[in-house]
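The file input24.cif comes next; it holds mmCIF, C-alpha atoms.
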data_run
loop_
_atom_site.label_atom_id
_atom_site.label_comp_id
_atom_site.auth_asym_id
_atom_site.auth_seq_id
_atom_site.Cartn_x
_atom_site.Cartn_y
_atom_site.Cartn_z
CA MET A 1 15.00 7.38 -55.55
CA LEU A 2 15.68 7.45 -51.82
CA HIS A 3 13.95 9.85 -49.44
CA THR A 4 15.77 11.33 -46.43
CA THR A 5 13.80 11.40 -43.18
CA PRO A 6 14.84 13.56 -40.21
CA LEU A 7 16.04 11.49 -37.25
CA THR A 8 13.67 12.44 -34.45
CA ALA A 9 12.87 11.00 -31.04
CA ASP A 10 9.55 9.53 -32.19
CA LEU A 11 11.44 7.17 -34.52
CA LEU A 12 13.55 5.72 -31.69
CA ARG A 13 12.77 3.29 -28.87
CA GLY A 14 14.93 2.61 -25.81
CA ALA A 15 16.73 5.97 -25.60
CA LEU A 16 15.99 8.44 -22.81
CA GLU A 17 17.31 11.45 -24.71
CA LEU A 18 18.71 12.56 -28.09
CA GLU A 19 21.63 14.95 -28.26
CA ARG A 20 21.89 17.11 -31.38
CA THR A 21 25.40 16.99 -32.81
CA ALA A 22 27.20 18.64 -35.72
CA LEU A 23 26.44 15.61 -37.90
CA GLY A 24 23.14 14.29 -36.57
CA VAL A 25 21.88 12.91 -33.25
CA LEU A 26 23.46 10.84 -30.50
CA PRO A 27 21.12 8.58 -28.47
CA HIS A 28 21.71 8.64 -24.71
CA ARG A 29 20.48 6.18 -22.12
CA LEU A 30 20.83 8.71 -19.31
CA PRO A 31 19.42 12.27 -19.44
CA ALA A 32 21.71 15.30 -19.54
CA ARG A 33 21.03 16.18 -15.90
CA ALA A 34 22.29 12.76 -14.81
CA ARG A 35 25.34 12.93 -17.07
CA ALA A 36 26.24 16.31 -15.61
CA GLN A 37 26.43 14.82 -12.12
CA CYS A 38 29.22 12.36 -12.91
CA SER A 39 32.51 12.93 -14.75
CA ASP A 40 33.44 9.25 -14.94
CA GLY A 41 34.58 8.36 -18.44
CA GLN A 42 33.47 4.74 -18.08
CA LEU A 43 29.87 5.77 -17.43
CA ALA A 44 29.95 8.34 -20.24
CA LEU A 45 31.09 5.63 -22.65
CA ALA A 46 28.60 3.02 -21.46
CA GLU A 47 25.48 5.18 -21.45
CA SER A 48 26.23 6.47 -24.97
CA GLN A 49 26.45 2.91 -26.30
CA PRO A 50 22.88 2.26 -27.46
CA ALA A 51 22.09 -1.13 -25.91
CA GLY A 52 18.42 -1.83 -26.60
CA VAL A 53 18.02 1.34 -28.67
CA ARG A 54 16.36 0.81 -32.04
CA LEU A 55 14.81 2.74 -34.87
CA ALA A 56 11.13 1.78 -35.14
CA LEU A 57 9.52 2.61 -38.49
CA ARG A 58 6.25 1.87 -40.26
CA THR A 59 6.87 1.88 -44.01
CA ARG A 60 6.46 0.21 -47.39
CA ALA A 61 10.16 0.74 -48.09
CA THR A 62 12.11 -2.13 -49.62
CA THR A 63 15.46 -0.37 -49.15
CA VAL A 64 16.69 1.30 -45.97
CA GLU A 65 20.03 3.08 -45.58
CA LEU A 66 21.39 4.44 -42.32
CA ASP A 67 24.51 6.60 -42.09
CA THR A 68 26.19 6.40 -38.70
CA LEU A 69 29.37 7.52 -36.99
CA PRO A 70 30.35 4.69 -34.62
CA THR A 71 33.16 4.78 -32.09
CA LYS A 72 35.23 1.60 -32.21
CA ARG A 73 37.20 0.46 -29.17
CA VAL A 74 40.71 -0.94 -29.47
CA HIS A 75 42.51 -2.46 -26.48
CA VAL A 76 46.28 -2.28 -26.83
CA GLY A 77 47.70 -5.81 -26.83
CA ALA A 78 44.31 -7.50 -27.16
CA PRO A 79 42.77 -9.02 -30.30
CA PRO A 80 40.78 -6.58 -32.49
CA ARG A 81 37.10 -6.23 -31.60
CA PRO A 82 34.62 -6.93 -34.41
CA ASP A 83 32.62 -4.01 -35.76
CA GLY A 84 29.27 -3.47 -34.09
CA VAL A 85 26.21 -5.24 -35.49
CA TYR A 86 22.93 -3.69 -36.69
CA ASP A 87 19.98 -6.09 -36.51
CA LEU A 88 17.02 -5.55 -38.84
CA LEU A 89 13.62 -6.90 -37.77
CA VAL A 90 10.53 -6.94 -39.99
CA ASP A 91 7.27 -7.30 -38.05
CA GLY A 92 9.28 -8.72 -35.16
CA THR A 93 11.28 -11.25 -37.16
CA LEU A 94 15.05 -10.95 -37.49
CA THR A 95 15.59 -10.52 -41.23
CA ALA A 96 19.11 -9.18 -41.81
CA ARG A 97 22.31 -8.01 -40.14
CA ALA A 98 24.92 -5.45 -41.18
CA ARG A 99 28.03 -3.69 -39.91
CA ALA A 100 29.22 -0.12 -40.44
CA ALA A 101 32.79 0.48 -41.54
CA GLY A 102 34.79 3.54 -40.56
CA GLY A 103 34.06 5.66 -37.54
CA ASN A 104 36.03 7.06 -34.65
CA THR A 105 38.56 4.96 -32.74
CA LEU A 106 39.04 4.89 -28.98
CA THR A 107 42.38 3.25 -28.18
CA ILE A 108 42.54 1.99 -24.59
CA ASP A 109 45.84 1.06 -22.97
CA MET A 110 44.93 -0.90 -19.84
CA THR A 111 48.58 -1.15 -18.80
CA ALA A 112 49.08 2.61 -18.83
CA GLY A 113 45.51 3.48 -17.87
CA THR A 114 45.09 5.82 -20.85
CA ALA A 115 42.61 6.30 -23.69
CA GLU A 116 43.13 8.14 -26.96
CA HIS A 117 40.32 9.27 -29.29
CA THR A 118 40.97 9.40 -33.05
CA PRO A 119 38.28 10.99 -35.25
CA GLY A 120 36.96 9.10 -38.27
CA GLU A 121 34.35 9.25 -41.00
CA PRO A 122 30.75 8.01 -41.02
CA GLY A 123 29.79 4.69 -42.58
CA THR A 124 26.58 3.30 -44.06
CA VAL A 125 24.52 0.21 -43.33
CA ARG A 126 22.19 -0.77 -46.18
CA PHE A 127 19.28 -3.21 -46.14
CA THR A 128 17.56 -4.21 -49.38
CA GLY A 129 14.91 -6.65 -50.52
CA LEU A 130 12.43 -5.87 -47.74
CA PRO A 131 8.81 -6.97 -48.37
CA ASP A 132 6.88 -4.51 -50.54
CA ARG A 133 4.02 -3.92 -48.10
CA VAL A 134 3.26 -1.81 -45.07
CA LYS A 135 5.29 -3.27 -42.21
CA ASP A 136 7.02 -2.41 -38.95
CA VAL A 137 10.78 -2.23 -39.32
CA GLU A 138 13.21 -2.07 -36.41
CA ILE A 139 16.93 -1.45 -36.68
CA TRP A 140 18.63 -2.37 -33.39
CA LEU A 141 21.82 -0.35 -32.96
CA PRO A 142 25.08 -1.90 -31.73
CA HIS A 143 24.90 -2.50 -27.99
CA ASN A 144 28.65 -1.95 -27.51
CA GLU A 145 29.52 0.98 -29.82
CA THR A 146 28.70 4.63 -29.29
CA THR A 147 26.64 5.33 -32.42
CA GLU A 148 25.88 8.79 -33.77
CA LEU A 149 22.99 8.70 -36.25
CA VAL A 150 23.71 10.85 -39.29
CA ALA A 151 21.04 10.18 -41.93
CA LEU A 152 18.14 7.84 -42.71
CA ARG A 153 17.18 7.15 -46.33
CA THR A 154 14.41 4.91 -47.70
CA ASP A 155 12.68 4.30 -51.03
CA ALA A 156 9.25 5.00 -49.49
CA PRO A 157 8.05 7.35 -46.76
CA VAL A 158 8.40 6.28 -43.12
CA ALA A 159 6.37 7.09 -40.03
CA PRO A 160 6.77 6.22 -36.35
CA VAL A 161 5.34 2.88 -35.29
CA PRO A 162 2.03 3.68 -33.53
CA ASP A 163 1.73 2.99 -29.84
CA ARG A 164 0.58 -0.63 -29.60
CA GLY A 165 -0.02 -0.48 -25.88
CA ARG A 166 2.69 -3.05 -25.25
CA THR A 167 4.07 -3.69 -21.79
CA VAL A 168 7.27 -1.70 -21.11
CA TRP A 169 10.01 -3.48 -19.17
CA LEU A 170 12.65 -1.16 -17.70
CA HIS A 171 15.89 -2.89 -16.68
CA HIS A 172 19.07 -1.66 -15.01
CA GLY A 173 22.30 -3.55 -14.50
CA SER A 174 25.99 -3.81 -15.29
CA SER A 175 27.95 -4.62 -18.47
CA ILE A 176 26.34 -8.07 -18.46
CA SER A 177 22.93 -6.40 -18.76
CA GLN A 178 24.27 -3.99 -21.37
CA GLY A 179 25.41 -6.97 -23.40
CA SER A 180 29.13 -7.46 -22.61
CA ASP A 181 30.27 -10.22 -25.00
CA ALA A 182 26.93 -10.87 -26.70
CA ALA A 183 27.42 -11.09 -30.45
CA THR A 184 24.47 -8.95 -31.56
CA PRO A 185 22.14 -6.30 -30.12
CA THR A 186 19.14 -8.65 -30.14
CA GLY A 187 21.37 -11.36 -28.62
CA THR A 188 21.92 -9.68 -25.26
CA TRP A 189 20.15 -11.52 -22.47
CA PRO A 190 17.63 -8.68 -21.78
CA ALA A 191 16.77 -8.40 -25.49
CA ARG A 192 16.31 -12.16 -25.71
CA ALA A 193 14.08 -12.21 -22.62
CA ALA A 194 12.01 -9.28 -23.92
CA ALA A 195 11.50 -11.02 -27.25
CA LEU A 196 10.33 -14.22 -25.57
CA ALA A 197 7.93 -12.32 -23.30
CA GLY A 198 6.62 -9.98 -26.01
CA VAL A 199 7.44 -6.78 -24.12
CA ASP A 200 9.18 -3.53 -25.06
CA LEU A 201 12.62 -3.22 -23.47
CA VAL A 202 14.29 -0.11 -22.10
CA ASN A 203 17.80 -1.25 -21.21
CA LEU A 204 19.69 0.88 -18.68
CA GLY A 205 22.54 -1.59 -18.28
CA PHE A 206 25.79 0.37 -17.99
CA GLY A 207 29.16 -1.36 -18.28
CA GLY A 208 31.12 -0.92 -15.06
CA SER A 209 28.54 1.53 -13.77
CA ALA A 210 25.75 -0.25 -11.89
CA LEU A 211 26.95 1.49 -8.74
CA LEU A 212 23.73 2.55 -6.97
CA ASP A 213 24.19 6.10 -8.26
CA PRO A 214 21.32 8.39 -7.16
CA PHE A 215 21.06 9.93 -10.65
CA THR A 216 20.51 6.46 -12.15
CA ALA A 217 17.78 5.79 -9.60
CA ARG A 218 16.14 9.09 -10.59
CA ALA A 219 16.34 8.11 -14.27
CA LEU A 220 14.51 4.87 -13.44
CA ARG A 221 12.01 6.82 -11.35
CA ASP A 222 11.22 9.20 -14.19
CA THR A 223 11.04 6.66 -17.05
CA PRO A 224 7.54 5.29 -17.81
CA ALA A 225 7.42 1.53 -17.20
CA ASP A 226 5.03 -1.31 -16.43
CA LEU A 227 7.74 -3.61 -15.03
CA ILE A 228 11.13 -2.83 -13.49
CA SER A 229 14.14 -4.98 -12.67
CA VAL A 230 17.47 -3.96 -11.16
CA LYS A 231 20.46 -6.28 -11.26
CA LEU A 232 22.88 -5.15 -8.57
CA GLY A 233 26.18 -6.17 -7.06
CA ILE A 234 28.99 -7.12 -9.43
CA ASN A 235 30.18 -3.57 -10.12
CA VAL A 236 30.07 -2.67 -6.45
CA VAL A 237 32.48 -5.55 -5.85
CA ASN A 238 34.76 -5.23 -8.84
CA THR A 239 35.27 -1.50 -8.31
CA ASP A 240 35.68 -2.03 -4.54
CA LEU A 241 33.34 0.94 -4.20
CA MET A 242 31.90 0.54 -0.72
CA ARG A 243 31.74 -1.58 2.40
CA LEU A 244 28.71 -3.43 3.77
CA ARG A 245 27.89 -0.49 6.07
CA ALA A 246 27.35 1.76 3.06
CA PHE A 247 25.92 -0.87 0.72
CA THR A 248 22.75 -1.66 2.67
CA PRO A 249 21.44 1.92 3.02
CA ALA A 250 22.53 2.67 -0.55
CA VAL A 251 20.35 -0.18 -1.86
CA HIS A 252 17.42 1.00 0.25
CA GLY A 253 17.88 4.57 -0.97
CA PHE A 254 18.10 3.44 -4.60
CA LEU A 255 14.90 1.42 -4.31
CA ASP A 256 13.16 4.22 -2.39
CA THR A 257 13.88 6.62 -5.24
CA VAL A 258 12.57 4.17 -7.86
CA ARG A 259 9.43 3.72 -5.80
CA GLU A 260 8.82 7.51 -5.76
CA GLY A 261 7.90 7.28 -9.45
CA HIS A 262 6.61 3.71 -9.55
CA PRO A 263 5.00 2.99 -6.17
CA THR A 264 3.18 -0.21 -7.17
CA VAL A 265 4.91 -1.42 -10.35
CA PRO A 266 6.34 -4.96 -9.98
CA LEU A 267 9.99 -4.46 -8.98
CA LEU A 268 12.43 -7.35 -9.27
CA VAL A 269 15.82 -7.17 -7.54
CA VAL A 270 18.30 -9.55 -9.19
CA SER A 271 21.57 -10.50 -7.53
CA PRO A 272 24.80 -11.27 -9.47
CA ILE A 273 25.30 -14.33 -11.61
CA LEU A 274 28.07 -16.71 -10.57
CA CYS A 275 31.53 -15.17 -10.97
CA PRO A 276 34.13 -17.47 -9.39
CA ILE A 277 36.88 -14.87 -8.95
CA HIS A 278 34.63 -12.73 -6.72
CA GLU A 279 32.39 -15.27 -4.97
CA ASP A 280 34.48 -15.09 -1.79
CA THR A 281 37.25 -12.67 -2.77
CA PRO A 282 36.62 -8.92 -2.62
CA GLY A 283 37.51 -6.51 -5.39
CA PRO A 284 38.79 -4.66 -7.10
CA SER A 285 38.98 -6.54 -10.37
CA ALA A 286 42.24 -5.96 -12.22
CA PRO A 287 43.46 -6.82 -15.72
CA ASP A 288 45.46 -10.01 -15.87
CA PHE A 289 48.51 -8.58 -17.57
CA SER A 290 50.04 -12.02 -18.08
CA ALA A 291 47.03 -12.92 -20.24
CA LEU A 292 47.22 -9.54 -21.99
CA SER A 293 50.81 -10.24 -22.96
CA GLU A 294 49.49 -13.39 -24.66
CA GLY A 295 46.86 -11.40 -26.56
CA ARG A 296 43.98 -12.35 -24.26
CA LEU A 297 41.82 -10.06 -22.14
CA ARG A 298 41.15 -11.53 -18.68
CA PHE A 299 40.55 -10.23 -15.20
CA THR A 300 41.56 -11.31 -11.72
CA ALA A 301 40.41 -10.45 -8.20
CA ALA A 302 42.91 -8.17 -6.48
CA GLY A 303 41.31 -8.24 -3.03
CA ASP A 304 42.10 -10.42 -0.03
CA PRO A 305 39.45 -12.86 1.30
CA ALA A 306 40.55 -11.96 4.85
CA GLU A 307 39.25 -8.43 4.29
CA ARG A 308 35.66 -9.65 4.43
CA ALA A 309 35.93 -9.35 8.20
CA SER A 310 36.33 -5.58 7.85
CA GLY A 311 33.22 -5.24 5.71
CA LYS A 312 34.66 -5.68 2.23
CA LEU A 313 32.07 -7.05 -0.16
CA THR A 314 32.00 -10.32 -2.07
CA LEU A 315 29.25 -11.70 -4.25
CA THR A 316 28.28 -14.18 -1.55
CA VAL A 317 27.80 -11.35 0.95
CA ILE A 318 25.88 -9.23 -1.56
CA ARG A 319 23.44 -12.00 -2.45
CA GLU A 320 22.70 -12.63 1.22
CA GLU A 321 22.16 -8.92 1.87
CA LEU A 322 19.99 -8.29 -1.19
CA ALA A 323 17.77 -11.24 -0.27
CA ARG A 324 17.46 -9.88 3.27
CA ILE A 325 16.69 -6.35 2.05
CA VAL A 326 13.93 -7.58 -0.25
CA ARG A 327 12.40 -9.74 2.50
CA GLN A 328 12.35 -6.72 4.79
CA ARG A 329 10.84 -4.40 2.20
CA ALA A 330 8.25 -6.97 1.12
CA GLU A 331 6.62 -6.69 4.52
CA GLN A 332 5.21 -3.33 3.38
CA ASP A 333 5.68 -3.64 -0.39
CA PRO A 334 4.03 -6.77 -1.84
CA ASN A 335 5.24 -5.90 -5.34
CA VAL A 336 8.96 -6.16 -4.65
CA HIS A 337 10.62 -9.51 -5.47
CA TYR A 338 14.05 -11.15 -5.46
CA LEU A 339 15.79 -13.40 -7.98
CA ASP A 340 19.11 -15.09 -7.25
CA GLY A 341 21.32 -14.42 -10.27
CA ARG A 342 22.72 -17.93 -10.08
CA GLU A 343 19.37 -19.13 -11.44
CA LEU A 344 20.43 -17.44 -14.68
CA TYR A 345 24.04 -18.67 -14.60
CA GLY A 346 25.30 -20.96 -11.86
CA GLU A 347 27.91 -23.59 -11.10
CA SER A 348 26.85 -26.14 -13.69
CA ASP A 349 26.70 -23.43 -16.35
CA CYS A 350 30.17 -22.22 -15.39
CA ALA A 351 31.54 -25.73 -15.80
CA GLU A 352 29.99 -25.96 -19.27
CA LEU A 353 30.39 -22.34 -20.40
CA PRO A 354 33.11 -20.64 -18.32
CA LEU A 355 33.31 -16.86 -18.42
CA PRO A 356 35.89 -16.18 -21.17
CA ASP A 357 37.53 -13.23 -19.42
CA ALA A 358 36.52 -14.35 -15.88
CA LEU A 359 33.87 -11.60 -15.67
CA HIS A 360 31.58 -11.60 -18.72
CA PRO A 361 29.43 -14.32 -20.31
CA ASP A 362 29.76 -15.21 -23.98
CA ALA A 363 27.08 -15.08 -26.68
CA THR A 364 25.77 -18.59 -25.98
CA THR A 365 25.44 -17.81 -22.29
CA HIS A 366 23.53 -14.58 -23.01
CA HIS A 367 21.02 -16.62 -24.98
CA ARG A 368 20.65 -19.07 -22.10
CA MET A 369 20.31 -16.31 -19.51
CA GLY A 370 17.62 -14.59 -21.55
CA GLU A 371 15.57 -17.77 -21.77
CA ARG A 372 15.94 -18.42 -18.05
CA PHE A 373 15.01 -14.87 -17.09
CA ALA A 374 11.94 -15.01 -19.33
CA ALA A 375 10.86 -18.23 -17.62
CA ALA A 376 11.65 -17.06 -14.07
CA ALA A 377 10.20 -13.55 -14.34
CA PHE A 378 7.47 -13.80 -16.99
CA GLY A 379 6.57 -17.47 -16.70
CA THR A 380 3.87 -19.04 -14.56
CA GLY A 381 4.23 -17.90 -10.96
CA GLY A 382 6.88 -15.31 -11.85
CA PRO A 383 6.70 -11.73 -10.55
CA PHE A 384 6.00 -10.38 -14.07
CA ALA A 385 3.65 -13.17 -15.16
CA ALA A 386 0.45 -11.17 -14.89
CA HIS A 387 1.93 -8.47 -17.11
CA ALA A 388 3.41 -10.63 -19.85
CA PRO A 389 1.09 -10.26 -22.84
CA ARG A 390 2.46 -13.12 -24.92
CA PRO A 391 4.75 -15.54 -23.09
CA GLY A 392 6.87 -17.22 -25.74
CA GLY A 393 5.94 -14.54 -28.28
CA ARG A 394 8.18 -12.42 -30.46
CA SER A 395 9.21 -8.86 -29.86
#

Produce C-alpha cells that represent the structure in this file.
Amino acid sequence: MLHTTPLTADLLRGALELERTALGVLPHRLPARARAQCSDGQLALAESQPAGVRLALRTRATTVELDTLPTKRVHVGAPPRPDGVYDLLVDGTLTARARAAGGNTLTIDMTAGTAEHTPGEPGTVRFTGLPDRVKDVEIWLPHNETTELVALRTDAPVAPVPDRGRTVWLHHGSSISQGSDAATPTGTWPARAAALAGVDLVNLGFGGSALLDPFTARALRDTPADLISVKLGINVVNTDLMRLRAFTPAVHGFLDTVREGHPTVPLLVVSPILCPIHEDTPGPSAPDFSALSEGRLRFTAAGDPAERASGKLTLTVIREELARIVRQRAEQDPNVHYLDGRELYGESDCAELPLPDALHPDATTHHRMGERFAAAAFGTGGPFAAHAPRPGGRS
C-alpha cells in the first residue's frame, strides 16, 4: 500500500518559492515579487524550469511514485526534444533515472516569433527496488522542463532530510548554467561541480536571462548562502541589451546589491566561456534559418564587428571589463574573485567539442566544465577552497 505525502517546501531543495496550483505545487527559482517586476516570457519559462531543484526525503521506502505535469517544448522545424529526466539518488549515489510521459506542450515557432500552449495530462515517474533501510533519497527534477508537482506516494512514511550543516553554494548564470544541452539534471555543469565539492547547490541559472536584472540581484541577496558565484556576459551580448557605458555600472550595482545581504561571503565573478560567433562580433544572436530548414537548431551573430567602436559589446570586451571591475573592487573587498570562463571551455575544447548550436555546450562538455570549475573554485588555492567540506566527495 502506498502512502500519499503532501508536497511541502521542507521536502524540496533548490527552489526559492512554491506556488500552489489547482493540481499541486509549482517550484519557482525566483520569488513572486521578482516575477511581478518582469513580463518577459523567456524569463518566466526559465525560472519555472527547476534546474537544481530536488525532492529530499528520509525514508525506508522501497517504492517512490511522483505524479507531475511537465511542460514540453517543441520547436517548429527542429528535431523533437527528449522528455525531461528525473534522477534518483540514494545517499548521494545516482541509482535510477526516469521520464514522465504526457504533460503540456509549448510549441515555439522561431520563424514567426510565436508560442502556443496546449494543455495536457499529468504523468508518473516510478522508482522501485530501493534499499529497505533508512536512507536519504533525492529526486532531481528536469532542469529544462517546467514541472508542476502533483502527488508523492511511497510504501513507507517520508520526512524531510535533516539539516546536515552542509555548505550552500548559490550560483547565477545563463542557459549554460541552467543546463542548456546537458542530458540530465545531475549532469549540468553546476550540479557536477557541486557533487565533486560536496556542497548543496542553489542554481539560479536562467536561460536567456542573466541580464543584470536588479530583482535577480535582490534574490541572490536574500537567499542564504555560504558561497556565491555569478557568471555574466553571454546574455548581455546575445540580446544586444546594453552598451559598455551601461554595462560597467550595471555590474557594479548588481554586485553591490548581492553584497548588501552577503558582505563577506566569497563571491566569484565568472566571465563567459568561449563562444566563437560572439568573441569579436556583437549581438544579437539570431536563429540560423538555413540550418532550421535542414532540421537543425543553430544560431548566428547578427551584429557588425565595426560597431564595437560605438560601445557595442563582445565577449572579448566583457571579459576585459569584468576582470577590471573585480580588480577594482578587490581593493576594498578581499573576498571577491574572478575566473575567466575560458578556463572552463576554451579554444582547445572548442576544437574537440564544438558548440552544437554555436551557443550551448553538449552533455560531455557540461561534465568537463563541472570538473574544471570544481578544481578551479574548490580546489587548492581556489576562492572556495576553505569552504569545501569534501573536495572530490559526492553530493

Would you kindly identify which residues have an atom no farther than 12 Å from (21.2, 5.4, -11.3), using all atoms listed in the file and the file's own coordinates, and write them out as a PyMOL selection string? chain A and resi 29-31+33-35+37-38+43+47+171-174+204-206+209-223+230-232+250-251+253-255+257-258

Could you tell me, as a PyMOL selection string, exactly which residues end up selected when the PyMOL selection byres ((chain A and resi 148-154) around 6) is applied to this structure? chain A and resi 2-5+23-26+61+63-69+147+155-156

Identify which of the residues A:Pro354, A:Leu55, A:Leu170, A:Ile108 lies closest to Pro80 of chain A, counting only C-alpha atoms when measuring atom-to-atom distances.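 Between A:Pro354, A:Leu55, A:Leu170, A:Ile108, the residue approaching Pro80 of chain A most closely is A:Ile108.
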
Adding 4 Å on each side of the box along x, y and z that holds all listed atoms of segment 80-88 of chain A, could you give its centre and edge lengths in Å to one decimal, as JSON?
{"center_x": 28.9, "center_y": -5.2, "center_z": -35.2, "size_x": 31.8, "size_y": 11.5, "size_z": 15.2}

As a PDB file with C-alpha atoms, in the coordinates of the input, please: the residues near segment 270-279 of chain A (cut-off 9 Å, only C-alpha atoms, same-chain neighbours under 3 positions excluded).
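File out-v4.pdb, as written:
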ATOM      1  CA  GLY A 173      22.300  -3.550 -14.500  1.00  0.00           C
ATOM      2  CA  SER A 229      14.140  -4.980 -12.670  1.00  0.00           C
ATOM      3  CA  VAL A 230      17.470  -3.960 -11.160  1.00  0.00           C
ATOM      4  CA  LYS A 231      20.460  -6.280 -11.260  1.00  0.00           C
ATOM      5  CA  LEU A 232      22.880  -5.150  -8.570  1.00  0.00           C
ATOM      6  CA  GLY A 233      26.180  -6.170  -7.060  1.00  0.00           C
ATOM      7  CA  ILE A 234      28.990  -7.120  -9.430  1.00  0.00           C
ATOM      8  CA  VAL A 237      32.480  -5.550  -5.850  1.00  0.00           C
ATOM      9  CA  ASN A 238      34.760  -5.230  -8.840  1.00  0.00           C
ATOM     10  CA  PRO A 282      36.620  -8.920  -2.620  1.00  0.00           C
ATOM     11  CA  GLY A 283      37.510  -6.510  -5.390  1.00  0.00           C
ATOM     12  CA  SER A 285      38.980  -6.540 -10.370  1.00  0.00           C
ATOM     13  CA  PHE A 299      40.550 -10.230 -15.200  1.00  0.00           C
ATOM     14  CA  THR A 300      41.560 -11.310 -11.720  1.00  0.00           C
ATOM     15  CA  ALA A 301      40.410 -10.450  -8.200  1.00  0.00           C
ATOM     16  CA  GLY A 303      41.310  -8.240  -3.030  1.00  0.00           C
ATOM     17  CA  THR A 314      32.000 -10.320  -2.070  1.00  0.00           C
ATOM     18  CA  LEU A 315      29.250 -11.700  -4.250  1.00  0.00           C
ATOM     19  CA  THR A 316      28.280 -14.180  -1.550  1.00  0.00           C
ATOM     20  CA  VAL A 317      27.800 -11.350   0.950  1.00  0.00           C
ATOM     21  CA  ILE A 318      25.880  -9.230  -1.560  1.00  0.00           C
ATOM     22  CA  ARG A 319      23.440 -12.000  -2.450  1.00  0.00           C
ATOM     23  CA  LEU A 322      19.990  -8.290  -1.190  1.00  0.00           C
ATOM     24  CA  ALA A 323      17.770 -11.240  -0.270  1.00  0.00           C
ATOM     25  CA  HIS A 337      10.620  -9.510  -5.470  1.00  0.00           C
ATOM     26  CA  TYR A 338      14.050 -11.150  -5.460  1.00  0.00           C
ATOM     27  CA  LEU A 339      15.790 -13.400  -7.980  1.00  0.00           C
ATOM     28  CA  ASP A 340      19.110 -15.090  -7.250  1.00  0.00           C
ATOM     29  CA  GLY A 341      21.320 -14.420 -10.270  1.00  0.00           C
ATOM     30  CA  ARG A 342      22.720 -17.930 -10.080  1.00  0.00           C
ATOM     31  CA  GLU A 343      19.370 -19.130 -11.440  1.00  0.00           C
ATOM     32  CA  LEU A 344      20.430 -17.440 -14.680  1.00  0.00           C
ATOM     33  CA  TYR A 345      24.040 -18.670 -14.600  1.00  0.00           C
ATOM     34  CA  GLY A 346      25.300 -20.960 -11.860  1.00  0.00           C
ATOM     35  CA  GLU A 347      27.910 -23.590 -11.100  1.00  0.00           C
ATOM     36  CA  ASP A 349      26.700 -23.430 -16.350  1.00  0.00           C
ATOM     37  CA  CYS A 350      30.170 -22.220 -15.390  1.00  0.00           C
ATOM     38  CA  LEU A 355      33.310 -16.860 -18.420  1.00  0.00           C
ATOM     39  CA  ALA A 358      36.520 -14.350 -15.880  1.00  0.00           C
ATOM     40  CA  LEU A 359      33.870 -11.600 -15.670  1.00  0.00           C
ATOM     41  CA  HIS A 360      31.580 -11.600 -18.720  1.00  0.00           C
TER      42      HIS A 360
END

If we count only C-alpha atoms, what is near Ala194 of chain A at a cut-off of 9 Å, once residues fewer than 3 positions away on the same chain are taken out, given as a list in words?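 Answer for this query is Trp169, Trp189, Pro190, Ala191, Ala197, Gly198, Val199, Asp200, Leu201, Gly370, Ala374, Arg394 and Ser395 of chain A.
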
Can you pull out every residue within 7 Å of Gln49 of chain A, counting all atoms listed in the file, but drop anything in the same chain fewer than 6 positions away, and send it as number ranges by chain? A: 143-147

Nearest to Leu244 of chain A, chosen from A:Pro70, A:Pro185, A:Pro224, A:Gly311, with only C-alpha atoms counted in the distances: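 Checking each candidate against Leu244 of chain A, we get A:Gly311 as the closest.
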
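For the atom pair formed by atom CA of Val90 of chain A and atom CA of Arg54 of chain A, the distance is 12.5 Å, given to one decimal.
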
Evaluate the PyMOL selection byres ((chain A and resi 116) around 6) and report residues as number ranges by chain: A: 106-107, 115, 117

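Each of A:Lys135, A:His28, A:Lys72, A:Arg81 was compared to Pro119 of chain A using all atoms listed in the file, and A:Lys72 turns out to be the nearest.
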
Surrounding residues of Gly102 of chain A excluding itself and chain neighbours under 6 positions, 7 Å, all atoms listed in the file, as a ChimeraX atom specification: /A:120-123

Which residue, A:Thr95, A:Thr188, A:Gln328, A:Thr124, has the smallest gap to Thr364 of chain A when you use only C-alpha atoms?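 Of all the options, A:Thr188 lies closest to Thr364 of chain A.
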
May I ask for the distance between atom CA of Arg368 of chain A and atom CA of Gly165 of chain A, given in Å to one decimal place?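 Going from atom CA of Arg368 of chain A over to atom CA of Gly165 of chain A covers 28.1 Å.
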
Which one of A:Leu11, A:Arg327, A:Val336, A:Pro356 sits closest to Asp163 of chain A if you count only C-alpha atoms?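 Selected residue with least distance to Asp163 of chain A: A:Leu11.
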
Could you list, as a list in words, every residue matched by the PyMOL selection byres ((chain A and resi 333) around 12) in this structure?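 When the PyMOL selection byres ((chain A and resi 333) around 12) is applied to the shown file, the picked residues are Leu255, Asp256, Arg259, His262, Pro263, Thr264, Val265, Pro266, Leu267, Leu268, Ile325, Val326, Arg327, Gln328, Arg329, Ala330, Glu331, Gln332, Pro334, Asn335, Val336 and His337 of chain A.
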
Here is a test: counting all atoms listed in the file, which residue of A:Ala306, A:Ala56, A:Val137, A:Val85 is nearest to Thr184 of chain A? A:Val85

Could you state the separation of atom CA of Ser48 of chain A and atom CA of Asp136 of chain A in Å, given to one decimal place?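 Pair atom CA of Ser48 of chain A / atom CA of Asp136 of chain A returns 25.4 Å.
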